[in-house]
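See structure below.
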Number of protein chains: 2
Amino acid sequence: MPSLYLIRHGIAEERGNYEDDTQRPLNDEGRKKTKQVAKRLYDLGLRFDLLQTSPLVRAQQTSDIFADVFGDCPVQRSPELAPEGNFETWLNGITEWVSQQPAKASLGIIGHEPNLTAWAEMLIWGESKGVLVLKKAGIIGISLPETQPWTGNGVLFLSIPPKLLI
Amino acid sequence: MPSLYLIRHGIAEERGNYEDDTQRPLNDEGRKKTKQVAKRLYDLGLRFDLLQTSPLVRAQQTSDIFADVFGDCPVQRSPELAPEGNFETWLNGITEWVSQQPAKASLGIIGHEPNLTAWAEMLIWGESKGVLVLKKAGIIGISLPETQPWTGNGVLFLSIPPKLLI
């Protein structure tokens with residue numbers, strides 16, 4: 001079964017200091033903790049066949065850290081992972097990608113709240129009720145079924161706050 | 001908010017070797033891994049104000065290991081945590097207990113599948129669809145609301161397979 005890992009970007013600079021929110025970078029704590037989390041996930045055996053990231057700076061910087069720790073994992077920007085992204089459009093894209101991969105394909109996506117937990121809930125229960133928590137630099141893991149539809153048929157096997165990975 | 005941690009008993013001896021399934025003990029691997037998991041959870045800062053356990057031998061042995069690692073944490077047998085236990089009866093019992101505790105009470109329960117994930121799903125979504133995974137010696141964490149009803153109002157903040165804790 002394909003595995004999907006939803007990763008929230010690390011702790012970023014304060015919103016008020018940046019006119020353009022898309023340019024807001026990780027702060028020192030965010031860089032440090034994100035690197036610790038990525039290293040720990042790598043040591044625990046997690047691997048990604050592809051890392052998709054939101055194009056916003058704080059997400060891209062998070063994906064840079066993950067790409068650095070995870071070696072030659074390909075990284076792809078996905079506009080759908082930005083805060084205004086569309087679940088169905090993103091889902092169509094990864095469905096296409098997974099169909100070209102081995103059965104156990106592993107996809108990591110780096111993005112923002114509330115989208116990530118809303119999308120996780122869509123995949124698990126077919127609707128979003130706000131019952132999952134995803135802290136900055138935290139991770140949620142979902143097994144997707146071999147066949148379509150994915151929506152409402154995912155299985156949650158992992159949810160770890162960063163403090164348990166540092 | 002009160003926290004509920006659902007912990008599945010460790011790996012036990014094969015079913016065929018025991019006429020009475022309630023007497024089936026942990027095997028060597030189960031004892032070793034359960035101890036590693038308990039120590040790691042302790043090191044990560046988890047604490048329990050009460051540990052409830054199924055009366056079956058493999059669950060009690062798991063609770064013995066947790067009680068040993070977590071020091072003076074009180075342990076209570078609950079017949080409702082046995083495989084034939086009743087969700088509503090158990091829920092009434094812990095509702096009563098939590099009402100007598102500080103706001104951040106932390107309760108650990110040690111039991112069996114499929115009950116633990118079914119009960120977790122009841123608390124989170126108000127129904128059980130089999131969309132959570134809980135491996136032996138794995139843990140799921142749920143925040144419960146300050147007010148009733150708890151069913152359908154829990155928030156899942158943690159789900160860790162034992163291999164990520166060893």
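Residue numbers start at 1 in each chain; chains themselves are named A, B, ... in the order of the structure tokens; ligands are numbered from 1 in the order shown.
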
Tell me the residues of chain B close to chain A, meaning within 9 Å using only C-alpha atoms, as number ranges by chain.
-> B: 41, 44-45, 124-125, 129-134, 140, 153-161, 163-165

Could you pull out the residues in region 10-113 of chain A that DSSP calls helix (DSSP H, G or I) from the backbone, as a count of residues only?
-> 51

Neighbour list for Pro55 (chain B) as a JSON list (two decimals) with N, CA, C and O atoms, in the first residue's frame, cut-off 7 Å, only C-alpha atoms, skip fewer than 5 positions in-chain:
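See around.json below for the written result:
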[["chain", "number", "residue", "atom", "x", "y", "z"],
["B", 60, "GLN", "N", -1.95, -7.72, 32.03],
["B", 60, "GLN", "CA", -1.43, -7.46, 33.38],
["B", 60, "GLN", "C", 0.08, -7.44, 33.40],
["B", 60, "GLN", "O", 0.69, -6.62, 34.11],
["B", 77, "ARG", "N", -7.19, -2.92, 38.00],
["B", 77, "ARG", "CA", -7.76, -3.86, 37.02],
["B", 77, "ARG", "C", -9.16, -3.42, 36.65],
["B", 77, "ARG", "O", -9.96, -3.08, 37.54],
["B", 78, "SER", "N", -9.47, -3.45, 35.36],
["B", 78, "SER", "CA", -10.83, -3.14, 34.92],
["B", 78, "SER", "C", -11.35, -4.27, 34.06],
["B", 78, "SER", "O", -10.83, -4.52, 32.97],
["B", 79, "PRO", "N", -12.40, -4.96, 34.53],
["B", 79, "PRO", "CA", -12.94, -6.06, 33.73],
["B", 79, "PRO", "C", -13.45, -5.58, 32.37],
["B", 79, "PRO", "O", -13.49, -6.36, 31.42],
["B", 82, "ALA", "N", -11.18, -6.18, 29.34],
["B", 82, "ALA", "CA", -11.05, -7.52, 28.75],
["B", 82, "ALA", "C", -11.73, -7.51, 27.38],
["B", 82, "ALA", "O", -12.50, -6.60, 27.07]]

Tell me, as an mmCIF file with N, CA, C and O atoms, in the first residue's frame, which residues lie within 12 Å of region 144-146 of chain B, counting only C-alpha atoms; anything in the same chain fewer than 4 positions away does not count.
data_model
loop_
_atom_site.group_PDB
_atom_site.id
_atom_site.type_symbol
_atom_site.label_atom_id
_atom_site.label_comp_id
_atom_site.auth_asym_id
_atom_site.auth_seq_id
_atom_site.Cartn_x
_atom_site.Cartn_y
_atom_site.Cartn_z
ATOM 1 N N VAL A 131 -10.458 16.894 14.092
ATOM 2 C CA VAL A 131 -10.177 16.025 15.237
ATOM 3 C C VAL A 131 -8.739 15.517 15.248
ATOM 4 O O VAL A 131 -8.391 14.638 16.038
ATOM 5 N N MET B 1 -7.196 19.837 29.716
ATOM 6 C CA MET B 1 -8.027 18.736 29.226
ATOM 7 C C MET B 1 -7.447 17.398 29.678
ATOM 8 O O MET B 1 -6.232 17.228 29.677
ATOM 9 N N PRO B 2 -8.321 16.451 30.035
ATOM 10 C CA PRO B 2 -7.815 15.115 30.381
ATOM 11 C C PRO B 2 -7.202 14.436 29.150
ATOM 12 O O PRO B 2 -7.656 14.644 28.023
ATOM 13 N N SER B 3 -6.152 13.652 29.385
ATOM 14 C CA SER B 3 -5.526 12.873 28.315
ATOM 15 C C SER B 3 -5.746 11.390 28.563
ATOM 16 O O SER B 3 -5.595 10.907 29.692
ATOM 17 N N LEU B 4 -6.086 10.692 27.502
ATOM 18 C CA LEU B 4 -6.259 9.244 27.571
ATOM 19 C C LEU B 4 -5.237 8.586 26.650
ATOM 20 O O LEU B 4 -5.140 8.935 25.467
ATOM 21 N N TYR B 5 -4.471 7.659 27.199
ATOM 22 C CA TYR B 5 -3.505 6.904 26.394
ATOM 23 C C TYR B 5 -3.968 5.448 26.322
ATOM 24 O O TYR B 5 -4.140 4.797 27.358
ATOM 25 N N LEU B 91 -16.623 3.753 30.019
ATOM 26 C CA LEU B 91 -16.653 5.217 29.898
ATOM 27 C C LEU B 91 -17.273 5.857 31.141
ATOM 28 O O LEU B 91 -16.762 6.865 31.645
ATOM 29 N N ILE B 94 -14.577 5.838 33.884
ATOM 30 C CA ILE B 94 -13.482 6.823 33.805
ATOM 31 C C ILE B 94 -14.022 8.248 33.892
ATOM 32 O O ILE B 94 -13.324 9.143 34.346
ATOM 33 N N THR B 95 -15.261 8.468 33.476
ATOM 34 C CA THR B 95 -15.870 9.799 33.627
ATOM 35 C C THR B 95 -15.925 10.162 35.109
ATOM 36 O O THR B 95 -15.571 11.279 35.516
ATOM 37 N N VAL B 98 -12.252 10.806 36.297
ATOM 38 C CA VAL B 98 -11.716 12.087 35.819
ATOM 39 C C VAL B 98 -12.354 13.260 36.564
ATOM 40 O O VAL B 98 -11.690 14.253 36.860
ATOM 41 N N SER B 99 -13.640 13.132 36.929
ATOM 42 C CA SER B 99 -14.337 14.234 37.609
ATOM 43 C C SER B 99 -13.715 14.529 38.975
ATOM 44 O O SER B 99 -13.913 15.606 39.533
ATOM 45 N N GLN B 101 -10.391 14.374 39.476
ATOM 46 C CA GLN B 101 -8.972 14.650 39.258
ATOM 47 C C GLN B 101 -8.760 16.114 38.867
ATOM 48 O O GLN B 101 -9.702 16.797 38.467
ATOM 49 N N PRO B 102 -7.477 16.565 38.911
ATOM 50 C CA PRO B 102 -7.171 17.893 38.352
ATOM 51 C C PRO B 102 -7.491 17.917 36.856
ATOM 52 O O PRO B 102 -7.650 16.864 36.231
ATOM 53 N N ALA B 103 -7.563 19.133 36.276
ATOM 54 C CA ALA B 103 -8.010 19.294 34.878
ATOM 55 C C ALA B 103 -7.151 18.502 33.893
ATOM 56 O O ALA B 103 -7.652 18.019 32.884
ATOM 57 N N LYS B 104 -5.864 18.364 34.179
ATOM 58 C CA LYS B 104 -4.977 17.715 33.220
ATOM 59 C C LYS B 104 -4.738 16.246 33.554
ATOM 60 O O LYS B 104 -3.642 15.720 33.313
ATOM 61 N N ALA B 105 -5.702 15.580 34.105
ATOM 62 C CA ALA B 105 -5.541 14.175 34.493
ATOM 63 C C ALA B 105 -5.088 13.343 33.297
ATOM 64 O O ALA B 105 -5.514 13.572 32.165
ATOM 65 N N SER B 106 -4.208 12.379 33.557
ATOM 66 C CA SER B 106 -3.663 11.525 32.511
ATOM 67 C C SER B 106 -3.953 10.064 32.865
ATOM 68 O O SER B 106 -3.524 9.564 33.897
ATOM 69 N N LEU B 107 -4.712 9.414 31.994
ATOM 70 C CA LEU B 107 -5.120 8.030 32.241
ATOM 71 C C LEU B 107 -4.550 7.127 31.148
ATOM 72 O O LEU B 107 -4.694 7.403 29.962
ATOM 73 N N ALA B 120 -11.252 4.192 20.708
ATOM 74 C CA ALA B 120 -10.604 5.458 20.321
ATOM 75 C C ALA B 120 -11.444 6.152 19.253
ATOM 76 O O ALA B 120 -11.720 7.356 19.339
ATOM 77 N N MET B 122 -14.623 5.757 18.650
ATOM 78 C CA MET B 122 -15.881 6.222 19.260
ATOM 79 C C MET B 122 -15.665 7.590 19.926
ATOM 80 O O MET B 122 -16.493 8.498 19.790
ATOM 81 N N LEU B 123 -14.546 7.729 20.634
ATOM 82 C CA LEU B 123 -14.283 8.996 21.324
ATOM 83 C C LEU B 123 -13.993 10.118 20.324
ATOM 84 O O LEU B 123 -14.391 11.261 20.523
ATOM 85 N N ILE B 124 -13.304 9.793 19.230
ATOM 86 C CA ILE B 124 -12.891 10.834 18.277
ATOM 87 C C ILE B 124 -14.034 11.191 17.316
ATOM 88 O O ILE B 124 -14.319 12.355 17.087
ATOM 89 N N TRP B 150 -18.060 13.064 25.944
ATOM 90 C CA TRP B 150 -16.741 12.776 25.408
ATOM 91 C C TRP B 150 -16.842 12.081 24.040
ATOM 92 O O TRP B 150 -16.002 12.280 23.180
ATOM 93 N N THR B 151 -17.861 11.246 23.900
ATOM 94 C CA THR B 151 -18.001 10.485 22.656
ATOM 95 C C THR B 151 -18.156 11.439 21.470
ATOM 96 O O THR B 151 -19.018 12.316 21.470
ATOM 97 N N GLY B 152 -17.274 11.259 20.488
ATOM 98 C CA GLY B 152 -17.335 12.110 19.305
ATOM 99 C C GLY B 152 -16.636 13.448 19.463
ATOM 100 O O GLY B 152 -16.634 14.251 18.532
ATOM 101 N N ASN B 153 -16.045 13.710 20.632
ATOM 102 C CA ASN B 153 -15.403 15.002 20.859
ATOM 103 C C ASN B 153 -13.931 14.918 21.269
ATOM 104 O O ASN B 153 -13.330 15.912 21.661
ATOM 105 N N GLY B 154 -13.350 13.731 21.194
ATOM 106 C CA GLY B 154 -11.926 13.589 21.485
ATOM 107 C C GLY B 154 -11.079 14.066 20.309
ATOM 108 O O GLY B 154 -11.553 14.140 19.179
ATOM 109 N N VAL B 155 -9.834 14.416 20.602
ATOM 110 C CA VAL B 155 -8.887 14.844 19.553
ATOM 111 C C VAL B 155 -7.665 13.933 19.598
ATOM 112 O O VAL B 155 -7.045 13.765 20.650
ATOM 113 N N LEU B 156 -7.354 13.334 18.469
ATOM 114 C CA LEU B 156 -6.205 12.432 18.401
ATOM 115 C C LEU B 156 -4.917 13.236 18.247
ATOM 116 O O LEU B 156 -4.769 13.967 17.277
ATOM 117 N N PHE B 157 -4.010 13.109 19.215
ATOM 118 C CA PHE B 157 -2.755 13.884 19.114
ATOM 119 C C PHE B 157 -1.534 12.987 19.033
ATOM 120 O O PHE B 157 -0.409 13.467 18.865
#

DSSP on the backbone: what in region 32-161 of chain A comes out strand (DSSP E or B), as an NGL selection string?
-> :A and (50-53 or 75-77 or 106-111 or 132 or 139-143 or 155-160)

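One finds CA of Leu50 (chain A) at 6.1 Å from CA of Cys73 (chain A).
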
Counting only C-alpha atoms, the residue among B:Gln52, B:Gln61, B:Gln36, B:Gln100 that lies closest to Arg24 (chain B) is B:Gln61

Students should find that CA of Phe66 (chain B) and CA of Lys33 (chain A) are spaced 29.0 Å

Close residues, region 84-87 of chain A itself excluded, 10 Å, only C-alpha atoms, min 6 positions apart in chain, as JSON, numbers by chain = {"A": [54, 78, 93, 111, 112, 115, 116, 118, 119, 122]}
